[in-house]
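Here is the structure we will look at.
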Amino acid sequence: MSLSVHIEKKLGAFTLSVHLETNGGVLGILGASGSGKSKTLQCIAGIETPDAGRIVLNDRVLFDSRSRTDVSVQNRHIGYLFQNYALFPHMTVAENISCGIRHIRDKRKRRQRVGDMIERMHLTGLADQRPGQLSGGQQQRTALARCLINEPDILLLDEPFSALDTWLKEQLLADLKQLLTYYDKDVLLVTHNRDEAYQLCQHIVVLEDGHVDSAGTVQDIFSAPPTRAAAVLTGCRNMAPARLMGGDVFVPDWNLRFHPDRPAPPDLCAVAIREQSFVPACEDNGRAVLIETVLERPFSWLVQFRYRGQAAESPSLWWQVDKNGQRPPQAAFLSVSSRDILLLHT
Amino acid sequence: MMDWYPLWNSLRIAGISCVLVFFSGICLAYYVARLPRVLKGILDVVLTLPLVLPPTVCGWLLLLVFGLKHPVGMFLNDMGIRFVMTWYGGVLASAVVAFPLMYRTARGAFESFDETLAWSGRTLGLSDTYIFWHIRMPCCRQGIIAGTVLAFARALGEYGATTMLIGYIPHNTATISTTVYQLWRINDEYHAFIWVLINIAISAVVLLTINIYEKKKP
């Protein structure tokens with residue numbers, strides 16, 4: 001089970017240059033909108049043609065610009081779950097699903113397989129409904145059933161939850177995670193949402209401006225995002241440029257100098273601190289701060305503050321505190337463990 | 001005794017030209033919709049011209065090509081095909097005039113078709129032919145039906161180009177519209193009025209059928 005993608009494609013002023021390898025499990029492609037993540041999926045599926053490069057799926061060459069190989073979309077044997085599910089509106093759920101196995105000539109066998117899939121995807125009783133009559137979750141499961149019925153060699157999921165509201169999303173995320181356990185081949189999930197990536201994926205590739213910015217296991221990318229793009233996409237809001245000074249890290253904007261608890265990367269360019277990493281402190285172990293605004297959220301306080309002596313042009317910082325029924329947080333001094341200061345390289 | 005030939009002839013001409021226009025209109029709409037912009041613009045003008053030109057001008061242009069004194073017409077005449085003063089010449093005239101209605105509505109429908117449906121069909125291994133007939137066409141059904149009805153109604157009501165190309169020969173090239181004109185010219189108001197009522201009835205039935213069909217299948 002492996003997919004190897006090395007592609008280049010020019011799209012106007014934007015250049016897509018993606019190199020990635022997978023070996024089993026669910027790989028997340030995390031990127032902001034316009035980073036080229038959907039285009040990458042389209043190249044793998046054959047919907048877009050790269051200018052140059054090579055795509056190999058389980059030893060099967062799908063695309064190679066040098067040997068002029070370009071397997072047609074129909075013959076790539078790839079499952080593609082589209083962002084809006086792309087269900088055929090005039091067909092019933094059963095008809096939609098059986099589109100995936102039209103090559104099976106025996107009608108009875110076909111009906112049997114569709115029936116099994118409907119049951120497995122918890123769509124029992126909906127076989128004769130049309131997509132317009134289904135809820136968002138049912139539509140997603142129908143589209144997934146249609147993709148999976150022919151047992152594709154890889155499943156590509158393009159922003160599978162973007163069409164749903166937040167409340168429904170949580171439930172469907174759990175459903176999808178469970179349904180994917182039936183599928184033992186590679187899965188590629190494209191998303192801009194860190195929760196989806198965190199919950200569904202084992203490995204993550206961060207895409208930025210059309211190239212792979214960083215890659216690693218979910219735990220690594222979330223606990224220690226290596227780059228600015230990874231930090232932003234994993235939800236880090238407090239970020240400032242930094243440089244090495246002797247063995248120390250110096251952050252001019254925050255007027256902060258500290259000794260990192262781990263070796264800093266030689267090409268260090270910035271540091272980041274998560275909203276939850278600040279702790280109220282006293283004068284001798286904290287830094288003086290000036291609280292600007294306090295936003296109340298259902299279960300937490302979101303505090304916007306500035307360090308005393310912070311550069312005027314650098315943006316204010318965010319501190320998030322869980323709400324335990326107390327009043328808005330007050331603090332004149334905040335401290336951060338140097339372990340919680342993320343060191344980012346270019 | 002009433003001569004019913006014009007009714008039969010009109011329905012035959014409108015029916016056949018409607019079938020011709022249905023296929024040619026859909027084919028051209030499908031291919032023009034995916035052409036580069038400049039070529040698309042030019043072809044669009046050419047294919048829509050018969051809609052805005054006076055039908056007599058279309059008739060004159062048809063005579064210029066198929067007239068018996070012109071090369072194409074002469075050649076076809078030698079082969080035994082004559083579009084001048086024959087009932088099937090009426091099919092040609094009506095088809096030319098009705099074509100833009102089919103073409104334009106079908107093209108509009110194809111252009112509003114969500115192309116990701118076609119791509120998702122391809123990832124499922126469906127051939128382009130299957131996608132065209134089982135996904136694209138059903139999704140564009142509304143526009144295509146509308147175009148067909150408009151084309152049929154236009155072909156049935158065609159007068160200008162028809163009268164120039166095939167004239168009026170009773171029991172031969174007479175259609176409802178040319179008959180109404182002839183009857184009015186010879187002051188036979190009674191029969192002219194009957195034909196007018198028949199024409200209104202046919203058009204109303206066609207439009208009504210479509211409306212009922214559209215309501216049944218939302």
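Residue numbering restarts at 1 for every chain of the structure tokens, chains are lettered A, B, ... in their displayed order, and ligands are numbered from 1 as they appear.
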Might you pull out every residue within 6 Å of Ala161 of chain B, with only C-alpha atoms counted and same-chain residues fewer than 2 positions away left off, and present them as a PyMOL selection string?
chain B and resi 55-56+58-59+93+159+163-164
Write the residues you've just listed into a file as an mmCIF file, in the first residue's frame, and include all heavy atoms for each of them.
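selection_31.cif was written with the following content:
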data_model
loop_
_atom_site.group_PDB
_atom_site.id
_atom_site.type_symbol
_atom_site.label_atom_id
_atom_site.label_comp_id
_atom_site.auth_asym_id
_atom_site.auth_seq_id
_atom_site.Cartn_x
_atom_site.Cartn_y
_atom_site.Cartn_z
ATOM 1 N N PRO B 55 -37.516 35.841 -41.516
ATOM 2 C CA PRO B 55 -37.597 34.527 -42.166
ATOM 3 C C PRO B 55 -37.475 34.615 -43.681
ATOM 4 O O PRO B 55 -36.947 33.704 -44.311
ATOM 5 C CB PRO B 55 -38.978 34.025 -41.767
ATOM 6 C CG PRO B 55 -39.264 34.713 -40.478
ATOM 7 C CD PRO B 55 -38.617 36.051 -40.581
ATOM 8 N N THR B 56 -37.909 35.704 -44.266
ATOM 9 C CA THR B 56 -37.787 35.837 -45.722
ATOM 10 C C THR B 56 -36.325 35.890 -46.140
ATOM 11 O O THR B 56 -35.957 35.398 -47.209
ATOM 12 C CB THR B 56 -38.505 37.102 -46.212
ATOM 13 O OG1 THR B 56 -38.160 38.183 -45.345
ATOM 14 C CG2 THR B 56 -40.003 36.923 -46.220
ATOM 15 N N CYS B 58 -33.898 34.380 -44.524
ATOM 16 C CA CYS B 58 -33.454 32.979 -44.443
ATOM 17 C C CYS B 58 -33.886 32.225 -45.691
ATOM 18 O O CYS B 58 -33.117 31.459 -46.277
ATOM 19 C CB CYS B 58 -34.060 32.286 -43.223
ATOM 20 S SG CYS B 58 -33.432 32.899 -41.674
ATOM 21 N N GLY B 59 -35.124 32.461 -46.105
ATOM 22 C CA GLY B 59 -35.653 31.791 -47.287
ATOM 23 C C GLY B 59 -34.836 32.159 -48.517
ATOM 24 O O GLY B 59 -34.476 31.296 -49.331
ATOM 25 N N ALA B 93 -36.523 24.351 -44.412
ATOM 26 C CA ALA B 93 -36.781 25.751 -44.044
ATOM 27 C C ALA B 93 -37.145 25.864 -42.565
ATOM 28 O O ALA B 93 -36.593 26.706 -41.842
ATOM 29 C CB ALA B 93 -37.903 26.316 -44.918
ATOM 30 N N TYR B 159 -43.590 30.523 -41.549
ATOM 31 C CA TYR B 159 -44.267 30.951 -42.771
ATOM 32 C C TYR B 159 -43.281 31.502 -43.801
ATOM 33 O O TYR B 159 -43.224 31.026 -44.943
ATOM 34 C CB TYR B 159 -45.327 32.005 -42.451
ATOM 35 C CG TYR B 159 -45.971 32.569 -43.691
ATOM 36 C CD1 TYR B 159 -46.962 31.857 -44.373
ATOM 37 C CD2 TYR B 159 -45.559 33.785 -44.212
ATOM 38 C CE1 TYR B 159 -47.514 32.348 -45.533
ATOM 39 C CE2 TYR B 159 -46.112 34.291 -45.382
ATOM 40 C CZ TYR B 159 -47.092 33.564 -46.048
ATOM 41 O OH TYR B 159 -47.626 34.044 -47.193
ATOM 42 N N THR B 163 -42.590 29.714 -47.309
ATOM 43 C CA THR B 163 -43.299 30.165 -48.499
ATOM 44 C C THR B 163 -42.316 30.539 -49.605
ATOM 45 O O THR B 163 -42.588 30.346 -50.783
ATOM 46 C CB THR B 163 -44.253 31.330 -48.148
ATOM 47 O OG1 THR B 163 -45.161 31.481 -49.224
ATOM 48 C CG2 THR B 163 -43.540 32.630 -47.942
ATOM 49 N N MET B 164 -41.101 31.029 -49.225
ATOM 50 C CA MET B 164 -40.121 31.362 -50.253
ATOM 51 C C MET B 164 -39.544 30.117 -50.901
ATOM 52 O O MET B 164 -39.296 30.085 -52.092
ATOM 53 C CB MET B 164 -38.994 32.217 -49.656
ATOM 54 C CG MET B 164 -39.547 33.549 -49.250
ATOM 55 S SD MET B 164 -38.475 34.958 -49.289
ATOM 56 C CE MET B 164 -37.390 34.786 -50.606
#
Quick one: pick out all helix (DSSP H, G or I) residues within segment 202-344 of chain A from a backbone DSSP run and write them as a ChimeraX atom specification.
/A:218-223,228-233,252-254,275-277,338-340
As a list in words, please: the residues near segment 1-18 of chain A (cut-off 7 Å, only C-alpha atoms, same-chain neighbours under 5 positions excluded).
Asn23, Gly24, Gly36, Pro50, Asp51, Ala52, Gly53, Arg54, Ile55, Val56, Leu57, Asn58, Lys185, Asp186, Gly210, His211 and Val212 of chain A
I need the contact residues of chain B against chain A, so if you could list those with any atom within 12 Å, counting only C-alpha atoms, and return them as a PyMOL selection string, that would help.
chain B and resi 113-128+130-131+134-141+217-218
May I have the residues within 7 Å of segment 322-336 of chain A as a PyMOL selection string, using only C-alpha atoms and disregarding those fewer than 4 positions away in the same chain?
chain A and resi 277-283+285-290+299-301+340
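Interatomic distance, atom CA of Lys177 of chain A to atom CA of Val114 of chain A: 21.5 Å.
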Selection: 10 Å around Pro160 of chain A, only C-alpha atoms, excl. self and same-chain fewer than 3 positions, as a ChimeraX atom specification
/A:81-85,140,144,156-157,163-164,169,172-173,176,189-191,196
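Atom CA of Ala106 of chain B is positioned 28.0 Å from atom CA of Gln129 of chain A.
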Apply DSSP to the structure's backbone, then extract all residues of segment 86-304 of chain A labelled strand (DSSP E or B) and return them as an MDAnalysis selection string.
chainID A and resid 154:158 186:191 203:208 211:217 227 238:241 243:245 248:251 256:258 268:273 279:280 287:296 300:304
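Comparing the minimum interatomic distances between Phe161 of chain A and each of A:Thr142, A:Asn193, A:Gln178, A:Gln202, counting only C-alpha atoms, we find that A:Asn193 sits nearest.
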Could you pull the residues within 7 Å of Gly90 of chain B, counting only C-alpha atoms, minus those fewer than 2 positions along the same chain, as JSON, numbers by chain?
{"B": [13, 87, 88, 92, 93, 94, 162, 166]}
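You can rank B:Val149, B:Ile212, B:Leu43, B:Leu207 by their closest distance to Tyr31 of chain B using only C-alpha atoms, and at the top of that list sits B:Leu43.
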Counting only C-alpha atoms, what is within 12 Å of Ser203 of chain B, bar same-chain residues fewer than 5 positions away, as a PyMOL selection string?
chain B and resi 11+14+149-157+196-198+208-210
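The coordinates place atom CA of Tyr182 of chain A at 19.2 Å from atom CA of Asp158 of chain A.
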